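Next comes upload.pdb, with PDB, N, CA, C and O atoms.
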ATOM      1  N   MET N 134      -5.658 -43.385 -78.357  1.00  0.00           N
ATOM      2  CA  MET N 134      -6.490 -43.729 -79.492  1.00  0.00           C
ATOM      3  C   MET N 134      -5.706 -44.644 -80.436  1.00  0.00           C
ATOM      4  O   MET N 134      -4.570 -44.367 -80.792  1.00  0.00           O
ATOM      5  N   GLN N 135      -6.337 -45.714 -80.819  1.00  0.00           N
ATOM      6  CA  GLN N 135      -5.682 -46.690 -81.671  1.00  0.00           C
ATOM      7  C   GLN N 135      -5.857 -46.323 -83.147  1.00  0.00           C
ATOM      8  O   GLN N 135      -6.939 -45.938 -83.576  1.00  0.00           O
ATOM      9  N   LYS N 136      -4.788 -46.429 -83.900  1.00  0.00           N
ATOM     10  CA  LYS N 136      -4.836 -46.145 -85.332  1.00  0.00           C
ATOM     11  C   LYS N 136      -5.111 -47.429 -86.097  1.00  0.00           C
ATOM     12  O   LYS N 136      -4.850 -48.529 -85.600  1.00  0.00           O
ATOM     13  N   ALA N 137      -5.600 -47.277 -87.313  1.00  0.00           N
ATOM     14  CA  ALA N 137      -5.789 -48.433 -88.178  1.00  0.00           C
ATOM     15  C   ALA N 137      -4.424 -49.039 -88.485  1.00  0.00           C
ATOM     16  O   ALA N 137      -3.428 -48.331 -88.599  1.00  0.00           O
ATOM     17  N   ASN N 138      -4.389 -50.343 -88.565  1.00  0.00           N
ATOM     18  CA  ASN N 138      -3.179 -51.080 -88.950  1.00  0.00           C
ATOM     19  C   ASN N 138      -2.021 -50.906 -87.976  1.00  0.00           C
ATOM     20  O   ASN N 138      -0.856 -50.907 -88.386  1.00  0.00           O
ATOM     21  N   ASP N 139      -2.324 -50.792 -86.695  1.00  0.00           N
ATOM     22  CA  ASP N 139      -1.272 -50.667 -85.690  1.00  0.00           C
ATOM     23  C   ASP N 139      -0.320 -51.860 -85.733  1.00  0.00           C
ATOM     24  O   ASP N 139       0.872 -51.708 -85.485  1.00  0.00           O
ATOM     25  N   ASP N 140      -0.839 -53.046 -86.055  1.00  0.00           N
ATOM     26  CA  ASP N 140       0.017 -54.234 -86.127  1.00  0.00           C
ATOM     27  C   ASP N 140       1.051 -54.092 -87.241  1.00  0.00           C
ATOM     28  O   ASP N 140       2.229 -54.407 -87.056  1.00  0.00           O
ATOM     29  N   ILE N 141       0.628 -53.581 -88.386  1.00  0.00           N
ATOM     30  CA  ILE N 141       1.540 -53.376 -89.508  1.00  0.00           C
ATOM     31  C   ILE N 141       2.564 -52.295 -89.152  1.00  0.00           C
ATOM     32  O   ILE N 141       3.766 -52.470 -89.368  1.00  0.00           O
ATOM     33  N   ARG N 142       2.096 -51.204 -88.576  1.00  0.00           N
ATOM     34  CA  ARG N 142       2.996 -50.119 -88.187  1.00  0.00           C
ATOM     35  C   ARG N 142       4.028 -50.616 -87.177  1.00  0.00           C
ATOM     36  O   ARG N 142       5.216 -50.255 -87.251  1.00  0.00           O
ATOM     37  N   ALA N 143       3.597 -51.444 -86.227  1.00  0.00           N
ATOM     38  CA  ALA N 143       4.506 -51.983 -85.211  1.00  0.00           C
ATOM     39  C   ALA N 143       5.552 -52.911 -85.842  1.00  0.00           C
ATOM     40  O   ALA N 143       6.724 -52.873 -85.459  1.00  0.00           O
ATOM     41  N   MET N 144       5.136 -53.728 -86.795  1.00  0.00           N
ATOM     42  CA  MET N 144       6.079 -54.628 -87.464  1.00  0.00           C
ATOM     43  C   MET N 144       7.144 -53.830 -88.218  1.00  0.00           C
ATOM     44  O   MET N 144       8.329 -54.183 -88.182  1.00  0.00           O
ATOM     45  N   ILE N 145       6.721 -52.784 -88.886  1.00  0.00           N
ATOM     46  CA  ILE N 145       7.662 -51.949 -89.633  1.00  0.00           C
ATOM     47  C   ILE N 145       8.668 -51.320 -88.665  1.00  0.00           C
ATOM     48  O   ILE N 145       9.877 -51.346 -88.918  1.00  0.00           O
ATOM     49  N   ALA N 146       8.195 -50.793 -87.557  1.00  0.00           N
ATOM     50  CA  ALA N 146       9.073 -50.180 -86.563  1.00  0.00           C
ATOM     51  C   ALA N 146       9.980 -51.212 -85.906  1.00  0.00           C
ATOM     52  O   ALA N 146      11.176 -50.967 -85.706  1.00  0.00           O
ATOM     53  N   GLN N 147       9.432 -52.375 -85.579  1.00  0.00           N
ATOM     54  CA  GLN N 147      10.194 -53.430 -84.910  1.00  0.00           C
ATOM     55  C   GLN N 147      11.395 -53.865 -85.750  1.00  0.00           C
ATOM     56  O   GLN N 147      12.468 -54.128 -85.217  1.00  0.00           O
ATOM     57  N   HIS N 148      11.205 -53.928 -87.044  1.00  0.00           N
ATOM     58  CA  HIS N 148      12.278 -54.362 -87.945  1.00  0.00           C
ATOM     59  C   HIS N 148      13.110 -53.194 -88.468  1.00  0.00           C
ATOM     60  O   HIS N 148      13.955 -53.373 -89.345  1.00  0.00           O
ATOM     61  N   ARG N 149      12.830 -52.007 -87.912  1.00  0.00           N
ATOM     62  CA  ARG N 149      13.556 -50.795 -88.282  1.00  0.00           C
ATOM     63  C   ARG N 149      13.515 -50.531 -89.786  1.00  0.00           C
ATOM     64  O   ARG N 149      14.499 -50.122 -90.396  1.00  0.00           O
ATOM     65  N   LEU N 150      12.349 -50.770 -90.347  1.00  0.00           N
ATOM     66  CA  LEU N 150      12.120 -50.483 -91.757  1.00  0.00           C
ATOM     67  C   LEU N 150      11.504 -49.102 -91.881  1.00  0.00           C
ATOM     68  O   LEU N 150      11.040 -48.524 -90.895  1.00  0.00           O
ATOM     69  N   ARG N 151      11.475 -48.605 -93.066  1.00  0.00           N
ATOM     70  CA  ARG N 151      10.801 -47.355 -93.366  1.00  0.00           C
ATOM     71  C   ARG N 151       9.576 -47.677 -94.214  1.00  0.00           C
ATOM     72  O   ARG N 151       9.580 -48.630 -94.991  1.00  0.00           O
ATOM     73  N   GLN N 152       8.541 -46.879 -94.055  1.00  0.00           N
ATOM     74  CA  GLN N 152       7.324 -47.136 -94.830  1.00  0.00           C
ATOM     75  C   GLN N 152       7.592 -47.069 -96.327  1.00  0.00           C
ATOM     76  O   GLN N 152       7.033 -47.839 -97.090  1.00  0.00           O
ATOM     77  N   TRP N 153       8.490 -46.190 -96.754  1.00  0.00           N
ATOM     78  CA  TRP N 153       8.776 -46.086 -98.185  1.00  0.00           C
ATOM     79  C   TRP N 153       9.430 -47.365 -98.709  1.00  0.00           C
ATOM     80  O   TRP N 153       9.232 -47.733 -99.870  1.00  0.00           O
ATOM     81  N   GLU N 154      10.206 -48.063 -97.853  1.00  0.00           N
ATOM     82  CA  GLU N 154      10.829 -49.317 -98.272  1.00  0.00           C
ATOM     83  C   GLU N 154       9.760 -50.387 -98.525  1.00  0.00           C
ATOM     84  O   GLU N 154       9.836 -51.120 -99.514  1.00  0.00           O
ATOM     85  N   VAL N 155       8.801 -50.460 -97.623  1.00  0.00           N
ATOM     86  CA  VAL N 155       7.711 -51.421 -97.778  1.00  0.00           C
ATOM     87  C   VAL N 155       6.900 -51.078 -99.021  1.00  0.00           C
ATOM     88  O   VAL N 155       6.583 -51.953 -99.834  1.00  0.00           O
ATOM     89  N   ALA N 156       6.590 -49.809 -99.184  1.00  0.00           N
ATOM     90  CA  ALA N 156       5.823 -49.364-100.352  1.00  0.00           C
ATOM     91  C   ALA N 156       6.536 -49.729-101.648  1.00  0.00           C
ATOM     92  O   ALA N 156       5.902 -50.176-102.613  1.00  0.00           O
ATOM     93  N   ASP N 157       7.844 -49.559-101.682  1.00  0.00           N
ATOM     94  CA  ASP N 157       8.626 -49.860-102.875  1.00  0.00           C
ATOM     95  C   ASP N 157       8.511 -51.337-103.246  1.00  0.00           C
ATOM     96  O   ASP N 157       8.311 -51.677-104.411  1.00  0.00           O
ATOM     97  N   VAL N 158       8.603 -52.216-102.267  1.00  0.00           N
ATOM     98  CA  VAL N 158       8.489 -53.652-102.528  1.00  0.00           C
ATOM     99  C   VAL N 158       7.067 -54.013-102.950  1.00  0.00           C
ATOM    100  O   VAL N 158       6.863 -54.836-103.839  1.00  0.00           O
ATOM    101  N   VAL N 159       6.077 -53.371-102.341  1.00  0.00           N
ATOM    102  CA  VAL N 159       4.679 -53.620-102.720  1.00  0.00           C
ATOM    103  C   VAL N 159       4.426 -53.138-104.151  1.00  0.00           C
ATOM    104  O   VAL N 159       3.610 -53.706-104.870  1.00  0.00           O
ATOM    105  N   GLY N 160       5.157 -52.097-104.545  1.00  0.00           N
ATOM    106  CA  GLY N 160       5.004 -51.570-105.898  1.00  0.00           C
ATOM    107  C   GLY N 160       4.112 -50.348-105.986  1.00  0.00           C
ATOM    108  O   GLY N 160       3.499 -50.087-107.018  1.00  0.00           O
ATOM    109  N   ILE N 161       4.044 -49.613-104.865  1.00  0.00           N
ATOM    110  CA  ILE N 161       3.235 -48.393-104.834  1.00  0.00           C
ATOM    111  C   ILE N 161       4.097 -47.258-104.296  1.00  0.00           C
ATOM    112  O   ILE N 161       5.167 -47.492-103.731  1.00  0.00           O
ATOM    113  N   SER N 162       3.612 -46.041-104.451  1.00  0.00           N
ATOM    114  CA  SER N 162       4.353 -44.895-103.927  1.00  0.00           C
ATOM    115  C   SER N 162       4.219 -44.840-102.404  1.00  0.00           C
ATOM    116  O   SER N 162       3.278 -45.397-101.825  1.00  0.00           O
ATOM    117  N   ASP N 163       5.180 -44.162-101.793  1.00  0.00           N
ATOM    118  CA  ASP N 163       5.116 -44.043-100.334  1.00  0.00           C
ATOM    119  C   ASP N 163       3.897 -43.250 -99.883  1.00  0.00           C
ATOM    120  O   ASP N 163       3.301 -43.547 -98.849  1.00  0.00           O
ATOM    121  N   SER N 164       3.474 -42.284-100.688  1.00  0.00           N
ATOM    122  CA  SER N 164       2.273 -41.528-100.311  1.00  0.00           C
ATOM    123  C   SER N 164       1.021 -42.401-100.413  1.00  0.00           C
ATOM    124  O   SER N 164       0.115 -42.293 -99.589  1.00  0.00           O
ATOM    125  N   ARG N 165       0.957 -43.269-101.400  1.00  0.00           N
ATOM    126  CA  ARG N 165      -0.180 -44.194-101.538  1.00  0.00           C
ATOM    127  C   ARG N 165      -0.198 -45.163-100.360  1.00  0.00           C
ATOM    128  O   ARG N 165      -1.254 -45.489 -99.815  1.00  0.00           O
ATOM    129  N   PHE N 166       0.977 -45.627 -99.931  1.00  0.00           N
ATOM    130  CA  PHE N 166       1.060 -46.540 -98.793  1.00  0.00           C
ATOM    131  C   PHE N 166       0.540 -45.862 -97.529  1.00  0.00           C
ATOM    132  O   PHE N 166      -0.176 -46.473 -96.743  1.00  0.00           O
ATOM    133  N   THR N 167       0.865 -44.601 -97.359  1.00  0.00           N
ATOM    134  CA  THR N 167       0.359 -43.841 -96.213  1.00  0.00           C
ATOM    135  C   THR N 167      -1.167 -43.793 -96.237  1.00  0.00           C
ATOM    136  O   THR N 167      -1.812 -43.953 -95.201  1.00  0.00           O
ATOM    137  N   VAL N 168      -1.733 -43.592 -97.411  1.00  0.00           N
ATOM    138  CA  VAL N 168      -3.188 -43.585 -97.557  1.00  0.00           C
ATOM    139  C   VAL N 168      -3.750 -44.959 -97.195  1.00  0.00           C
ATOM    140  O   VAL N 168      -4.765 -45.064 -96.505  1.00  0.00           O
ATOM    141  N   TRP N 169      -3.099 -46.020 -97.670  1.00  0.00           N
ATOM    142  CA  TRP N 169      -3.544 -47.383 -97.346  1.00  0.00           C
ATOM    143  C   TRP N 169      -3.621 -47.583 -95.838  1.00  0.00           C
ATOM    144  O   TRP N 169      -4.547 -48.222 -95.329  1.00  0.00           O
ATOM    145  N   LEU N 170      -2.641 -47.074 -95.115  1.00  0.00           N
ATOM    146  CA  LEU N 170      -2.570 -47.319 -93.669  1.00  0.00           C
ATOM    147  C   LEU N 170      -3.599 -46.533 -92.863  1.00  0.00           C
ATOM    148  O   LEU N 170      -3.796 -46.811 -91.688  1.00  0.00           O
ATOM    149  N   ARG N 171      -4.267 -45.592 -93.475  1.00  0.00           N
ATOM    150  CA  ARG N 171      -5.253 -44.781 -92.746  1.00  0.00           C
ATOM    151  C   ARG N 171      -6.510 -45.548 -92.389  1.00  0.00           C
ATOM    152  O   ARG N 171      -7.204 -45.192 -91.433  1.00  0.00           O
ATOM    153  N   THR N 172      -6.843 -46.556 -93.174  1.00  0.00           N
ATOM    154  CA  THR N 172      -8.033 -47.371 -92.913  1.00  0.00           C
ATOM    155  C   THR N 172      -7.620 -48.839 -92.885  1.00  0.00           C
ATOM    156  O   THR N 172      -6.573 -49.196 -93.440  1.00  0.00           O
ATOM    157  N   PRO N 173      -8.409 -49.698 -92.253  1.00  0.00           N
ATOM    158  CA  PRO N 173      -8.033 -51.113 -92.199  1.00  0.00           C
ATOM    159  C   PRO N 173      -7.810 -51.683 -93.606  1.00  0.00           C
ATOM    160  O   PRO N 173      -8.594 -51.442 -94.524  1.00  0.00           O
ATOM    161  N   LEU N 174      -6.707 -52.413 -93.738  1.00  0.00           N
ATOM    162  CA  LEU N 174      -6.365 -53.009 -95.031  1.00  0.00           C
ATOM    163  C   LEU N 174      -7.297 -54.172 -95.337  1.00  0.00           C
ATOM    164  O   LEU N 174      -7.630 -54.958 -94.447  1.00  0.00           O
ATOM    165  N   ASN N 175      -7.673 -54.296 -96.616  1.00  0.00           N
ATOM    166  CA  ASN N 175      -8.427 -55.488 -97.004  1.00  0.00           C
ATOM    167  C   ASN N 175      -7.448 -56.661 -97.060  1.00  0.00           C
ATOM    168  O   ASN N 175      -6.227 -56.484 -96.950  1.00  0.00           O
ATOM    169  N   ASP N 176      -7.952 -57.877 -97.199  1.00  0.00           N
ATOM    170  CA  ASP N 176      -7.107 -59.066 -97.129  1.00  0.00           C
ATOM    171  C   ASP N 176      -5.996 -59.070 -98.170  1.00  0.00           C
ATOM    172  O   ASP N 176      -4.853 -59.416 -97.868  1.00  0.00           O
ATOM    173  N   ASP N 177      -6.304 -58.664 -99.401  1.00  0.00           N
ATOM    174  CA  ASP N 177      -5.304 -58.668-100.467  1.00  0.00           C
ATOM    175  C   ASP N 177      -4.164 -57.700-100.156  1.00  0.00           C
ATOM    176  O   ASP N 177      -2.986 -58.057-100.261  1.00  0.00           O
ATOM    177  N   ARG N 178      -4.511 -56.503 -99.768  1.00  0.00           N
ATOM    178  CA  ARG N 178      -3.485 -55.511 -99.459  1.00  0.00           C
ATOM    179  C   ARG N 178      -2.646 -55.928 -98.262  1.00  0.00           C
ATOM    180  O   ARG N 178      -1.430 -55.744 -98.249  1.00  0.00           O
ATOM    181  N   LYS N 179      -3.308 -56.483 -97.248  1.00  0.00           N
ATOM    182  CA  LYS N 179      -2.575 -56.908 -96.060  1.00  0.00           C
ATOM    183  C   LYS N 179      -1.575 -58.010 -96.412  1.00  0.00           C
ATOM    184  O   LYS N 179      -0.436 -57.986 -95.956  1.00  0.00           O
ATOM    185  N   LYS N 180      -1.991 -58.962 -97.251  1.00  0.00           N
ATOM    186  CA  LYS N 180      -1.078 -60.027 -97.685  1.00  0.00           C
ATOM    187  C   LYS N 180       0.115 -59.443 -98.432  1.00  0.00           C
ATOM    188  O   LYS N 180       1.250 -59.878 -98.233  1.00  0.00           O
ATOM    189  N   ARG N 181      -0.129 -58.465 -99.299  1.00  0.00           N
ATOM    190  CA  ARG N 181       0.954 -57.839-100.059  1.00  0.00           C
ATOM    191  C   ARG N 181       1.934 -57.116 -99.136  1.00  0.00           C
ATOM    192  O   ARG N 181       3.154 -57.225 -99.305  1.00  0.00           O
ATOM    193  N   VAL N 182       1.409 -56.412 -98.151  1.00  0.00           N
ATOM    194  CA  VAL N 182       2.262 -55.674 -97.219  1.00  0.00           C
ATOM    195  C   VAL N 182       3.059 -56.640 -96.343  1.00  0.00           C
ATOM    196  O   VAL N 182       4.271 -56.465 -96.154  1.00  0.00           O
ATOM    197  N   LEU N 183       2.415 -57.672 -95.830  1.00  0.00           N
ATOM    198  CA  LEU N 183       3.127 -58.650 -95.000  1.00  0.00           C
ATOM    199  C   LEU N 183       4.205 -59.371 -95.793  1.00  0.00           C
ATOM    200  O   LEU N 183       5.297 -59.635 -95.282  1.00  0.00           O
ATOM    201  N   ALA N 184       3.928 -59.689 -97.040  1.00  0.00           N
ATOM    202  CA  ALA N 184       4.927 -60.331 -97.898  1.00  0.00           C
ATOM    203  C   ALA N 184       6.116 -59.400 -98.126  1.00  0.00           C
ATOM    204  O   ALA N 184       7.277 -59.847 -98.131  1.00  0.00           O
ATOM    205  N   ALA N 185       5.851 -58.116 -98.294  1.00  0.00           N
ATOM    206  CA  ALA N 185       6.926 -57.146 -98.484  1.00  0.00           C
ATOM    207  C   ALA N 185       7.788 -57.039 -97.230  1.00  0.00           C
ATOM    208  O   ALA N 185       9.024 -57.013 -97.318  1.00  0.00           O
ATOM    209  N   ILE N 186       7.149 -57.001 -96.074  1.00  0.00           N
ATOM    210  CA  ILE N 186       7.897 -56.945 -94.811  1.00  0.00           C
ATOM    211  C   ILE N 186       8.751 -58.194 -94.658  1.00  0.00           C
ATOM    212  O   ILE N 186       9.927 -58.121 -94.297  1.00  0.00           O
ATOM    213  N   LYS N 187       8.175 -59.340 -94.975  1.00  0.00           N
ATOM    214  CA  LYS N 187       8.921 -60.594 -94.881  1.00  0.00           C
ATOM    215  C   LYS N 187      10.119 -60.585 -95.823  1.00  0.00           C
ATOM    216  O   LYS N 187      11.225 -60.991 -95.454  1.00  0.00           O
ATOM    217  N   GLN N 188       9.914 -60.111 -97.027  1.00  0.00           N
ATOM    218  CA  GLN N 188      11.003 -60.041 -98.006  1.00  0.00           C
ATOM    219  C   GLN N 188      12.120 -59.115 -97.517  1.00  0.00           C
ATOM    220  O   GLN N 188      13.297 -59.457 -97.597  1.00  0.00           O
ATOM    221  N   LEU N 189      11.743 -57.980 -96.997  1.00  0.00           N
ATOM    222  CA  LEU N 189      12.741 -57.025 -96.502  1.00  0.00           C
ATOM    223  C   LEU N 189      13.473 -57.539 -95.273  1.00  0.00           C
ATOM    224  O   LEU N 189      14.674 -57.329 -95.136  1.00  0.00           O
ATOM    225  N   THR N 190      12.769 -58.220 -94.397  1.00  0.00           N
ATOM    226  CA  THR N 190      13.421 -58.706 -93.171  1.00  0.00           C
ATOM    227  C   THR N 190      14.281 -59.927 -93.446  1.00  0.00           C
ATOM    228  O   THR N 190      15.233 -60.177 -92.714  1.00  0.00           O
ATOM    229  N   SER N 191      13.988 -60.668 -94.476  1.00  0.00           N
ATOM    230  CA  SER N 191      14.839 -61.811 -94.813  1.00  0.00           C
ATOM    231  C   SER N 191      16.193 -61.328 -95.329  1.00  0.00           C
ATOM    232  O   SER N 191      17.203 -62.008 -95.185  1.00  0.00           O
ATOM    233  N   LYS N 192      16.240 -60.113 -95.882  1.00  0.00           N
ATOM    234  CA  LYS N 192      17.494 -59.526 -96.332  1.00  0.00           C
ATOM    235  C   LYS N 192      18.358 -59.094 -95.151  1.00  0.00           C
ATOM    236  O   LYS N 192      19.567 -59.059 -95.260  1.00  0.00           O
ATOM    237  N   GLU N 193      17.723 -58.781 -94.021  1.00  0.00           N
ATOM    238  CA  GLU N 193      18.457 -58.334 -92.840  1.00  0.00           C
ATOM    239  C   GLU N 193      19.372 -59.415 -92.316  1.00  0.00           C
ATOM    240  O   GLU N 193      20.445 -59.137 -91.826  1.00  0.00           O
ATOM    241  N   THR N 194      18.940 -60.666 -92.401  1.00  0.00           N
ATOM    242  CA  THR N 194      19.688 -61.758 -91.809  1.00  0.00           C
ATOM    243  C   THR N 194      20.778 -62.290 -92.721  1.00  0.00           C
ATOM    244  O   THR N 194      21.579 -63.108 -92.316  1.00  0.00           O
ATOM    245  N   VAL N 195      20.799 -61.828 -93.963  1.00  0.00           N
ATOM    246  CA  VAL N 195      21.798 -62.322 -94.913  1.00  0.00           C
ATOM    247  C   VAL N 195      23.105 -61.576 -94.749  1.00  0.00           C
ATOM    248  O   VAL N 195      23.203 -60.491 -94.378  1.00  0.00           O
TER     249      VAL N 195
END

If you took the structure in this file and wrote it as structure tokens, what would it be?
Amino acid sequence: MQKANDDIRAMIAQHRLRQWEVADVVGISDSRFTVWLRTPLNDDRKKRVLAAIKQLTSKETV
């Protein structure tokens, strides 16, 4: 069974990030981020989450 936002979950796992790290950059609590991931993200939220992942992964290469 496929979960909502599998692409986002896979990106977080691929980059060995934690959901709380992404939530922190987005500016929400980790529990709120978990709630967000339960249903498909709207465009605004998805952009915010992808930007946070990008920001966190750019730190990995430094």

I'd like the neighbourhood of stretch 150-166 of chain N as a PyMOL selection string, where a residue qualifies if any of its atoms comes within 6 Å (using only C-alpha atoms), though same-chain residues fewer than 3 positions away should be ignored.
chain N and resi 145+169+185

Atomic distance atom CA of N:Leu189 - atom CA of N:Asp176, expressed in Å with one decimal
20.0 Å

Kindly give the distance, in Å, that separates atom CA of N:Ile186 and atom CA of N:Gln135, rounded to a single decimal.
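Value for the atom CA of N:Ile186-atom CA of N:Gln135 distance: 21.5 Å.
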
Find the distance between atom O of N:Val168 and atom N of N:Arg149 and write it in Å to one decimal.
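About the pair atom O of N:Val168 and atom N of N:Arg149: they are 20.8 Å apart.
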
Decode the PyMOL selection byres ((chain N and resi 138) around 8) for the given file into explicit residues and return them as a ChimeraX atom specification.
/N:135-137,139-145,169-174

Hey, could you pull the box centre and edge lengths for stretch 134-139 of chain N, axis-aligned, 5 Å padding per side, all listed atoms, to one decimal in Å, as AutoDock Vina command-line options?
--center_x -3.0 --center_y -47.6 --center_z -83.7 --size_x 17.8 --size_y 18.5 --size_z 20.6

Step one, run DSSP on the backbone; step two, keep only residues of stretch 145-181 of chain N assigned to alpha helix (DSSP H); then write them as a VMD selection string.
chain N and resid 145 to 147 152 to 159 163 to 171 176 to 181

Mind filling out stretch 171-179 of chain N with all heavy atoms and sending it as a PDB file, in the frame of the given file?
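New file rebuild-v4.pdb:
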ATOM      1  N   ARG N 171      -4.267 -45.592 -93.475  1.00  0.00           N
ATOM      2  CA  ARG N 171      -5.253 -44.781 -92.746  1.00  0.00           C
ATOM      3  C   ARG N 171      -6.510 -45.548 -92.389  1.00  0.00           C
ATOM      4  O   ARG N 171      -7.204 -45.192 -91.433  1.00  0.00           O
ATOM      5  CB  ARG N 171      -5.644 -43.565 -93.578  1.00  0.00           C
ATOM      6  CG  ARG N 171      -4.553 -42.544 -93.672  1.00  0.00           C
ATOM      7  CD  ARG N 171      -5.010 -41.348 -94.465  1.00  0.00           C
ATOM      8  NE  ARG N 171      -3.869 -40.484 -94.745  1.00  0.00           N
ATOM      9  CZ  ARG N 171      -3.837 -39.597 -95.719  1.00  0.00           C
ATOM     10  NH1 ARG N 171      -4.889 -39.437 -96.509  1.00  0.00           N
ATOM     11  NH2 ARG N 171      -2.771 -38.866 -95.903  1.00  0.00           N
ATOM     12  N   THR N 172      -6.843 -46.556 -93.174  1.00  0.00           N
ATOM     13  CA  THR N 172      -8.033 -47.371 -92.913  1.00  0.00           C
ATOM     14  C   THR N 172      -7.620 -48.839 -92.885  1.00  0.00           C
ATOM     15  O   THR N 172      -6.573 -49.196 -93.440  1.00  0.00           O
ATOM     16  CB  THR N 172      -9.108 -47.162 -94.007  1.00  0.00           C
ATOM     17  OG1 THR N 172      -8.547 -47.510 -95.270  1.00  0.00           O
ATOM     18  CG2 THR N 172      -9.601 -45.728 -94.033  1.00  0.00           C
ATOM     19  N   PRO N 173      -8.409 -49.698 -92.253  1.00  0.00           N
ATOM     20  CA  PRO N 173      -8.033 -51.113 -92.199  1.00  0.00           C
ATOM     21  C   PRO N 173      -7.810 -51.683 -93.606  1.00  0.00           C
ATOM     22  O   PRO N 173      -8.594 -51.442 -94.524  1.00  0.00           O
ATOM     23  CB  PRO N 173      -9.233 -51.771 -91.516  1.00  0.00           C
ATOM     24  CG  PRO N 173      -9.835 -50.678 -90.688  1.00  0.00           C
ATOM     25  CD  PRO N 173      -9.632 -49.420 -91.500  1.00  0.00           C
ATOM     26  N   LEU N 174      -6.707 -52.413 -93.738  1.00  0.00           N
ATOM     27  CA  LEU N 174      -6.365 -53.009 -95.031  1.00  0.00           C
ATOM     28  C   LEU N 174      -7.297 -54.172 -95.337  1.00  0.00           C
ATOM     29  O   LEU N 174      -7.630 -54.958 -94.447  1.00  0.00           O
ATOM     30  CB  LEU N 174      -4.927 -53.530 -95.009  1.00  0.00           C
ATOM     31  CG  LEU N 174      -3.818 -52.493 -94.891  1.00  0.00           C
ATOM     32  CD1 LEU N 174      -2.478 -53.181 -94.662  1.00  0.00           C
ATOM     33  CD2 LEU N 174      -3.760 -51.630 -96.132  1.00  0.00           C
ATOM     34  N   ASN N 175      -7.673 -54.296 -96.616  1.00  0.00           N
ATOM     35  CA  ASN N 175      -8.427 -55.488 -97.004  1.00  0.00           C
ATOM     36  C   ASN N 175      -7.448 -56.661 -97.060  1.00  0.00           C
ATOM     37  O   ASN N 175      -6.227 -56.484 -96.950  1.00  0.00           O
ATOM     38  CB  ASN N 175      -9.175 -55.276 -98.330  1.00  0.00           C
ATOM     39  CG  ASN N 175      -8.255 -55.053 -99.514  1.00  0.00           C
ATOM     40  OD1 ASN N 175      -7.154 -55.601 -99.594  1.00  0.00           O
ATOM     41  ND2 ASN N 175      -8.702 -54.237-100.457  1.00  0.00           N
ATOM     42  N   ASP N 176      -7.952 -57.877 -97.199  1.00  0.00           N
ATOM     43  CA  ASP N 176      -7.107 -59.066 -97.129  1.00  0.00           C
ATOM     44  C   ASP N 176      -5.996 -59.070 -98.170  1.00  0.00           C
ATOM     45  O   ASP N 176      -4.853 -59.416 -97.868  1.00  0.00           O
ATOM     46  CB  ASP N 176      -7.947 -60.342 -97.271  1.00  0.00           C
ATOM     47  CG  ASP N 176      -8.801 -60.600 -96.041  1.00  0.00           C
ATOM     48  OD1 ASP N 176      -8.486 -60.067 -94.958  1.00  0.00           O
ATOM     49  OD2 ASP N 176      -9.789 -61.345 -96.156  1.00  0.00           O
ATOM     50  N   ASP N 177      -6.304 -58.664 -99.401  1.00  0.00           N
ATOM     51  CA  ASP N 177      -5.304 -58.668-100.467  1.00  0.00           C
ATOM     52  C   ASP N 177      -4.164 -57.700-100.156  1.00  0.00           C
ATOM     53  O   ASP N 177      -2.986 -58.057-100.261  1.00  0.00           O
ATOM     54  CB  ASP N 177      -5.957 -58.314-101.804  1.00  0.00           C
ATOM     55  CG  ASP N 177      -4.946 -58.259-102.932  1.00  0.00           C
ATOM     56  OD1 ASP N 177      -4.255 -59.282-103.169  1.00  0.00           O
ATOM     57  OD2 ASP N 177      -4.826 -57.200-103.584  1.00  0.00           O
ATOM     58  N   ARG N 178      -4.511 -56.503 -99.768  1.00  0.00           N
ATOM     59  CA  ARG N 178      -3.485 -55.511 -99.459  1.00  0.00           C
ATOM     60  C   ARG N 178      -2.646 -55.928 -98.262  1.00  0.00           C
ATOM     61  O   ARG N 178      -1.430 -55.744 -98.249  1.00  0.00           O
ATOM     62  CB  ARG N 178      -4.110 -54.139 -99.227  1.00  0.00           C
ATOM     63  CG  ARG N 178      -4.612 -53.496-100.501  1.00  0.00           C
ATOM     64  CD  ARG N 178      -5.193 -52.130-100.243  1.00  0.00           C
ATOM     65  NE  ARG N 178      -5.601 -51.516-101.498  1.00  0.00           N
ATOM     66  CZ  ARG N 178      -6.179 -50.331-101.589  1.00  0.00           C
ATOM     67  NH1 ARG N 178      -6.422 -49.629-100.499  1.00  0.00           N
ATOM     68  NH2 ARG N 178      -6.521 -49.849-102.762  1.00  0.00           N
ATOM     69  N   LYS N 179      -3.308 -56.483 -97.248  1.00  0.00           N
ATOM     70  CA  LYS N 179      -2.575 -56.908 -96.060  1.00  0.00           C
ATOM     71  C   LYS N 179      -1.575 -58.010 -96.412  1.00  0.00           C
ATOM     72  O   LYS N 179      -0.436 -57.986 -95.956  1.00  0.00           O
ATOM     73  CB  LYS N 179      -3.541 -57.382 -94.973  1.00  0.00           C
ATOM     74  CG  LYS N 179      -2.868 -57.588 -93.642  1.00  0.00           C
ATOM     75  CD  LYS N 179      -3.866 -57.649 -92.514  1.00  0.00           C
ATOM     76  CE  LYS N 179      -3.137 -57.556 -91.193  1.00  0.00           C
ATOM     77  NZ  LYS N 179      -4.021 -57.285 -90.079  1.00  0.00           N
TER      78      LYS N 179
END
